[in-house]
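Containing TSV, C-alpha atoms: protein-v9.tsv.
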```
chain	number	residue	atom	x	y	z
K	23	MET	CA	50.74	270.56	-48.08
K	24	ALA	CA	47.45	271.48	-49.69
K	25	SER	CA	49.02	271.86	-53.11
K	26	LYS	CA	50.71	268.47	-52.75
K	27	SER	CA	47.44	266.73	-51.88
K	28	ASN	CA	45.70	268.45	-54.78
K	29	ALA	CA	48.42	267.26	-57.15
K	30	GLU	CA	48.09	263.68	-55.89
K	31	THR	CA	44.30	263.86	-56.27
K	32	ALA	CA	44.66	265.11	-59.84
K	33	ALA	CA	47.19	262.39	-60.65
K	34	ASN	CA	45.03	259.49	-59.41
K	35	PRO	CA	42.24	259.94	-62.01
K	36	GLY	CA	44.91	260.01	-64.70
K	37	ARG	CA	46.38	256.73	-63.49
K	38	LEU	CA	42.97	255.09	-63.23
K	39	LYS	CA	42.12	256.29	-66.72
K	40	GLN	CA	45.40	254.86	-68.02
K	41	ILE	CA	44.71	251.50	-66.34
K	42	ALA	CA	41.20	251.43	-67.83
K	43	LEU	CA	42.56	252.23	-71.28
K	44	THR	CA	45.19	249.50	-70.97
K	45	TYR	CA	42.51	247.02	-69.90
K	46	LYS	CA	40.33	247.87	-72.91
K	47	MET	CA	43.26	247.46	-75.31
K	48	THR	CA	44.26	244.17	-73.68
K	49	ARG	CA	40.72	242.80	-73.74
K	50	LYS	CA	40.53	243.27	-77.51
K	51	ALA	CA	43.44	240.86	-77.98
K	52	ASP	CA	42.78	238.75	-74.87
K	53	PRO	CA	39.01	238.56	-74.16
K	54	LYS	CA	39.50	236.33	-71.08
K	55	VAL	CA	41.89	238.67	-69.29
K	56	GLY	CA	39.20	239.93	-66.87
K	57	LEU	CA	38.10	236.42	-65.84
K	58	ILE	CA	41.68	235.22	-65.43
K	59	VAL	CA	42.76	238.19	-63.29
K	60	ALA	CA	39.62	237.96	-61.15
K	61	GLY	CA	40.10	234.20	-60.75
K	62	VAL	CA	43.66	234.71	-59.56
K	63	GLY	CA	42.44	237.18	-56.94
K	64	ILE	CA	39.62	234.96	-55.68
K	65	VAL	CA	41.79	231.84	-55.47
K	66	THR	CA	44.55	233.72	-53.63
K	67	ILE	CA	42.15	235.13	-51.04
K	68	GLY	CA	40.49	231.72	-50.63
K	69	VAL	CA	43.82	229.99	-49.99
K	70	PHE	CA	44.87	232.52	-47.35
K	71	LEU	CA	41.44	232.43	-45.72
K	72	GLY	CA	41.55	228.62	-45.55
K	73	ILE	CA	44.99	228.74	-43.94
K	74	GLY	CA	43.64	231.32	-41.50
K	75	PHE	CA	40.83	229.03	-40.33
K	76	LEU	CA	43.29	226.17	-39.91
K	77	ILE	CA	45.63	228.14	-37.67
K	78	GLY	CA	42.87	230.04	-35.90
K	79	HIS	CA	43.54	233.53	-37.33
K	80	PRO	CA	41.12	233.96	-40.24
K	81	VAL	CA	40.91	237.78	-39.99
K	82	TYR	CA	44.65	238.39	-40.13
K	83	LEU	CA	45.15	235.91	-42.98
K	84	ALA	CA	42.17	237.36	-44.86
K	85	ILE	CA	43.72	240.84	-44.77
K	86	LEU	CA	47.07	239.45	-45.86
K	87	GLY	CA	45.33	237.46	-48.59
K	88	VAL	CA	43.69	240.58	-49.99
K	89	LEU	CA	47.06	242.36	-50.22
K	90	VAL	CA	48.75	239.37	-51.85
K	91	ALA	CA	45.78	238.95	-54.19
K	92	PHE	CA	46.09	242.53	-55.45
K	93	LEU	CA	49.79	241.99	-56.04
K	94	ALA	CA	49.21	238.73	-57.91
K	95	MET	CA	46.42	240.29	-59.99
K	96	ALA	CA	48.67	243.22	-60.94
K	97	ILE	CA	51.48	240.88	-62.01
K	98	ILE	CA	49.20	238.66	-64.11
K	99	PHE	CA	47.47	241.63	-65.70
K	100	GLY	CA	50.81	243.26	-66.52
K	101	ARG	CA	52.12	240.13	-68.21
K	102	ARG	CA	48.99	239.58	-70.27
K	103	ALA	CA	48.86	243.26	-71.24
K	104	GLU	CA	52.48	243.05	-72.38
K	105	SER	CA	51.76	239.91	-74.39
K	106	ALA	CA	48.75	241.58	-76.01
K	107	ALA	CA	50.83	244.64	-76.91
K	108	PHE	CA	53.53	242.49	-78.51
K	109	GLY	CA	50.86	240.58	-80.40
K	110	GLN	CA	49.51	243.80	-81.89
K	111	MET	CA	53.01	244.98	-82.87
K	112	GLU	CA	54.11	241.64	-84.30
K	113	GLY	CA	54.85	241.89	-88.00
K	114	GLN	CA	54.63	245.68	-88.19
K	115	PRO	CA	57.68	247.48	-89.66
K	116	GLY	CA	59.70	249.20	-86.95
K	117	ALA	CA	58.19	247.24	-84.07
K	118	ALA	CA	61.63	246.07	-82.92
K	119	ALA	CA	62.75	249.69	-82.49
K	120	ALA	CA	60.01	250.24	-79.90
K	121	VAL	CA	61.21	247.17	-77.98
K	122	LEU	CA	64.85	248.28	-78.10
K	123	ASP	CA	63.94	251.67	-76.62
K	124	ASN	CA	62.84	249.83	-73.47
K	125	VAL	CA	65.71	247.37	-73.03
K	126	GLY	CA	66.95	249.17	-69.93
K	127	ARG	CA	69.78	251.26	-68.55
K	128	GLY	CA	73.19	250.94	-70.15
K	129	TRP	CA	71.83	250.45	-73.66
K	130	SER	CA	71.66	253.08	-76.40
K	131	THR	CA	69.66	252.36	-79.54
K	132	THR	CA	69.60	253.80	-83.04
K	133	PRO	CA	66.61	252.84	-85.20
K	134	ALA	CA	66.75	252.21	-88.94
K	135	ILE	CA	70.49	252.38	-89.58
K	136	ALA	CA	69.87	250.44	-92.80
K	137	MET	CA	66.82	249.73	-94.93
K	138	SER	CA	66.05	247.96	-98.19
K	139	ARG	CA	63.55	248.99	-100.83
K	140	GLN	CA	61.27	246.23	-99.55
K	141	GLN	CA	61.25	247.87	-96.08
K	142	ASP	CA	63.59	245.37	-94.45
K	143	ILE	CA	65.09	247.30	-91.53
K	144	VAL	CA	68.16	247.01	-89.33
K	145	HIS	CA	68.32	248.68	-85.92
K	146	ARG	CA	71.37	249.00	-83.69
K	147	ALA	CA	71.78	248.66	-79.93
K	148	VAL	CA	75.02	249.30	-78.04
K	149	GLY	CA	75.63	248.07	-74.52
K	150	LYS	CA	77.96	246.02	-72.35
K	151	ALA	CA	77.54	243.08	-74.72
K	152	GLY	CA	78.95	245.13	-77.59
K	153	VAL	CA	76.95	246.00	-80.70
K	154	VAL	CA	73.70	244.18	-81.44
K	155	LEU	CA	72.22	244.51	-84.92
K	156	VAL	CA	68.50	243.74	-84.93
K	157	GLY	CA	66.90	243.05	-88.29
K	158	GLU	CA	63.24	242.67	-89.22
K	159	GLY	CA	61.76	241.72	-92.56
K	160	ASN	CA	62.57	238.98	-95.05
K	161	PRO	CA	65.29	236.81	-93.41
K	162	ASN	CA	67.37	236.41	-96.58
K	163	ARG	CA	67.42	240.13	-97.35
K	164	VAL	CA	67.94	241.03	-93.70
K	165	LYS	CA	71.01	238.77	-93.48
K	166	SER	CA	72.60	240.70	-96.34
K	167	LEU	CA	71.90	244.02	-94.60
K	168	LEU	CA	73.31	242.71	-91.33
K	169	ALA	CA	76.48	241.43	-93.01
K	170	ALA	CA	77.01	244.77	-94.75
K	171	GLU	CA	76.65	246.69	-91.49
K	172	LYS	CA	79.00	244.35	-89.65
K	173	LYS	CA	81.60	244.82	-92.38
K	174	LYS	CA	81.42	248.60	-91.94
K	175	MET	CA	81.93	248.31	-88.19
K	176	ALA	CA	84.79	245.83	-88.53
K	177	ARG	CA	86.80	248.50	-90.38
K	178	ILE	CA	86.65	251.05	-87.55
K	179	MET	CA	86.44	248.83	-84.43
K	180	PRO	CA	87.38	245.19	-85.16
K	181	GLU	CA	87.83	244.40	-81.46
K	182	VAL	CA	84.17	245.05	-80.55
K	183	PRO	CA	81.85	242.00	-80.74
K	184	VAL	CA	78.86	242.34	-83.07
K	185	HIS	CA	75.78	240.18	-82.52
K	186	PHE	CA	72.91	239.49	-84.93
K	187	VAL	CA	69.23	239.21	-83.99
K	188	ILE	CA	66.60	238.56	-86.64
K	189	VAL	CA	63.07	239.22	-85.40
K	190	GLY	CA	60.49	236.64	-86.45
K	191	THR	CA	58.91	233.30	-85.65
K	192	GLY	CA	60.92	231.08	-88.00
K	193	GLU	CA	63.88	228.83	-87.26
K	194	GLY	CA	66.83	230.75	-85.83
K	195	GLU	CA	64.71	233.89	-85.38
K	196	VAL	CA	63.75	235.64	-82.15
K	197	PRO	CA	60.10	236.49	-81.41
K	198	LEU	CA	59.43	240.17	-80.77
K	199	LYS	CA	58.52	239.61	-77.11
K	200	LYS	CA	61.87	237.86	-76.47
K	201	VAL	CA	64.15	240.47	-78.06
K	202	ARG	CA	64.75	242.27	-74.78
K	203	THR	CA	65.60	239.13	-72.81
K	204	THR	CA	67.87	237.96	-75.64
K	205	LEU	CA	69.92	241.15	-75.41
K	206	LEU	CA	70.12	240.99	-71.62
K	207	LYS	CA	71.41	237.39	-71.73
K	208	LEU	CA	74.38	238.25	-73.96
K	209	PRO	CA	77.80	238.13	-72.22
K	210	ARG	CA	79.03	241.47	-70.94
K	211	VAL	CA	82.42	242.38	-72.34
K	212	LEU	CA	82.50	246.21	-72.40
K	213	ALA	CA	82.79	248.73	-69.58
K	214	GLY	CA	81.09	252.13	-69.43
K	215	PRO	CA	83.94	254.16	-70.99
K	216	GLN	CA	84.30	251.61	-73.79
K	217	ILE	CA	80.58	251.88	-74.59
K	218	THR	CA	80.98	255.64	-74.88
K	219	GLN	CA	83.90	255.22	-77.28
K	220	VAL	CA	81.92	252.77	-79.42
K	221	ASN	CA	78.97	255.17	-79.62
K	222	ASP	CA	81.28	258.04	-80.60
K	223	LYS	CA	82.83	255.98	-83.41
K	224	LEU	CA	79.43	254.89	-84.68
K	225	ARG	CA	78.13	258.46	-84.69
K	226	ALA	CA	81.17	259.51	-86.65
K	227	MET	CA	80.53	256.70	-89.14
K	228	GLY	CA	76.95	257.89	-89.61
K	229	ASP	CA	73.83	255.90	-90.41
K	230	LEU	CA	70.96	255.79	-92.83
K	231	MET	CA	69.08	258.74	-91.35
K	232	SER	CA	72.08	261.06	-91.07
K	233	ASN	CA	73.40	260.16	-94.53
K	234	MET	CA	70.04	260.50	-96.24
K	235	PRO	CA	70.15	263.39	-98.74
K	236	ILE	CA	67.73	266.18	-97.84
K	237	PRO	CA	66.83	268.68	-100.57
K	238	LYS	CA	67.60	272.30	-99.77
K	239	GLY	CA	65.68	275.38	-100.79
K	240	PRO	CA	61.96	275.79	-101.52
K	241	ILE	CA	59.87	272.76	-102.48
K	242	PRO	CA	58.55	273.06	-106.06
K	243	GLY	CA	54.83	273.54	-106.30
K	244	ARG	CA	54.40	274.59	-102.62
K	245	GLY	CA	55.13	278.25	-102.57
K	246	GLY	CA	58.65	277.97	-103.90
K	247	GLN	CA	60.07	278.65	-107.30
K	248	ARG	CA	59.53	276.12	-110.04
K	249	PRO	CA	62.65	274.33	-111.32
K	250	PRO	CA	63.80	275.38	-114.79
K	251	ARG	CA	62.67	273.16	-117.65
K	252	GLY	CA	64.91	271.55	-120.19
```
Please express what this file holds, its structure, as structure tokens.
Amino acid sequence: MASKSNAETAANPGRLKQIALTYKMTRKADPKVGLIVAGVGIVTIGVFLGIGFLIGHPVYLAILGVLVAFLAMAIIFGRRAESAAFGQMEGQPGAAAAVLDNVGRGWSTTPAIAMSRQQDIVHRAVGKAGVVLVGEGNPNRVKSLLAAEKKKMARIMPEVPVHFVIVGTGEGEVPLKKVRTTLLKLPRVLAGPQITQVNDKLRAMGDLMSNMPIPKGPIPGRGGQRPPRG
């Protein structure tokens, strides 16, 4: 019992430190986050306290108001922290891969299955909706990458639906913060065993990272032998 209490005591400072760090990061992008969260708490407690005086139980309603206020403050802070995080990631290469890693259970993601010289990237997610190709970069170049990847998949599994998502703020594009909800809204057409089969076929097909040539042997100029001239 003593060891358990010590572990919980050691974990609490870590959680508080993490919350403080998240607040500092959020405040840089959203300077009013502290005032908004505090305002939500004060208004919530005030509403419950007013109801308590009306019905003759101010103490009970005040306690309930404090609990509900903490819950409301946590929800508002979480949403604004998430928005601030997406705002910082917006426009950075590979940001969509970080979002896909947190879509939820039942989805498997593979980052950077295709890439152009201009750093346009295509990521892949597989779930009950089928295969979702997520592209980020120049829309015109990304569309070509997406079409090429879909053509590859059509040769080995033509019956599996393939969806396109282009990350961006233009017409027909999906903002980074809405990528997850977009995937979750897609119609579910595959069962668990079918998802496994699709992943196996895709792994057998390979991707950019697995097909990338890696030089073997010692690296010239770093302790290895120099390549012959001529």
message: Would you pick out the contacts of stretch 200-217 of chain K at 7 Å or less, using only C-alpha atoms, so that residues sharing its chain but fewer than 2 positions from it are not included, and give the list as a ChimeraX atom specification?
response: /K:121-122,125,149-152,196-198,219-221
message: As an exercise, work out the distance from atom CA of K:Arg163 to atom CA of K:Arg146 in Å and give it to one decimal place.
response: 16.8 Å
task: Find the residues around K:Ala118 up to 12 Å (only C-alpha atoms counted), leave out those fewer than 3 positions away in its own chain, and share them as an NGL selection string.
output: :K and (108 or 111-115 or 121-125 or 131-134 or 142-147 or 155-159 or 187-190 or 196-202)
statement: atom CA of K:Gly78 sits from atom CA of K:Val65 at a separation of 19.7 Å
message: Need the shell around K:Lys50: protein/DNA/RNA residues with any atom at most 12 Å away, counting all atoms listed in the file. Skip same-chain ones fewer than 5 positions apart. Format as a ChimeraX atom specification?
response: /K:43-45,55-56,102-103,106-107,109-110
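One distance worth recording is that between atom CA of K:Trp129 and atom CA of K:Leu167, which is 21.9 Å.
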statement: The residue from K:Met95, K:Met175, K:Leu71, K:Ile41 with the smallest atom-to-atom distance to K:Leu57, counting all atoms listed in the file, is K:Met95
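Among K:Gly100, K:Gly61, K:Gly128, K:Gly68, the residue with the shortest atom-to-atom distance to K:Leu86, counting only C-alpha atoms, is K:Gly68.
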message: Measuring between all atoms listed in the file, which one of K:Pro161, K:Gly116, K:Gly192, K:Gly63 shows the shortest distance to K:Phe99?
response: K:Gly63
query: Of the candidates K:Asn160, K:Val154, K:Arg37, K:Arg177, which shows the shortest atom-to-atom distance to K:Gln140, using all atoms listed in the file?
result: K:Asn160
field: Nearest to K:Asp222, chosen from K:Met179, K:Ala42, K:Gln141, K:Thr191, with only C-alpha atoms counted in the distances
entry: K:Met179
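For the set K:Ala60, K:Val153, K:Met227, K:Ala117, the residue with the smallest atom-to-atom gap to K:Ser130 is K:Val153, counting all atoms listed in the file.
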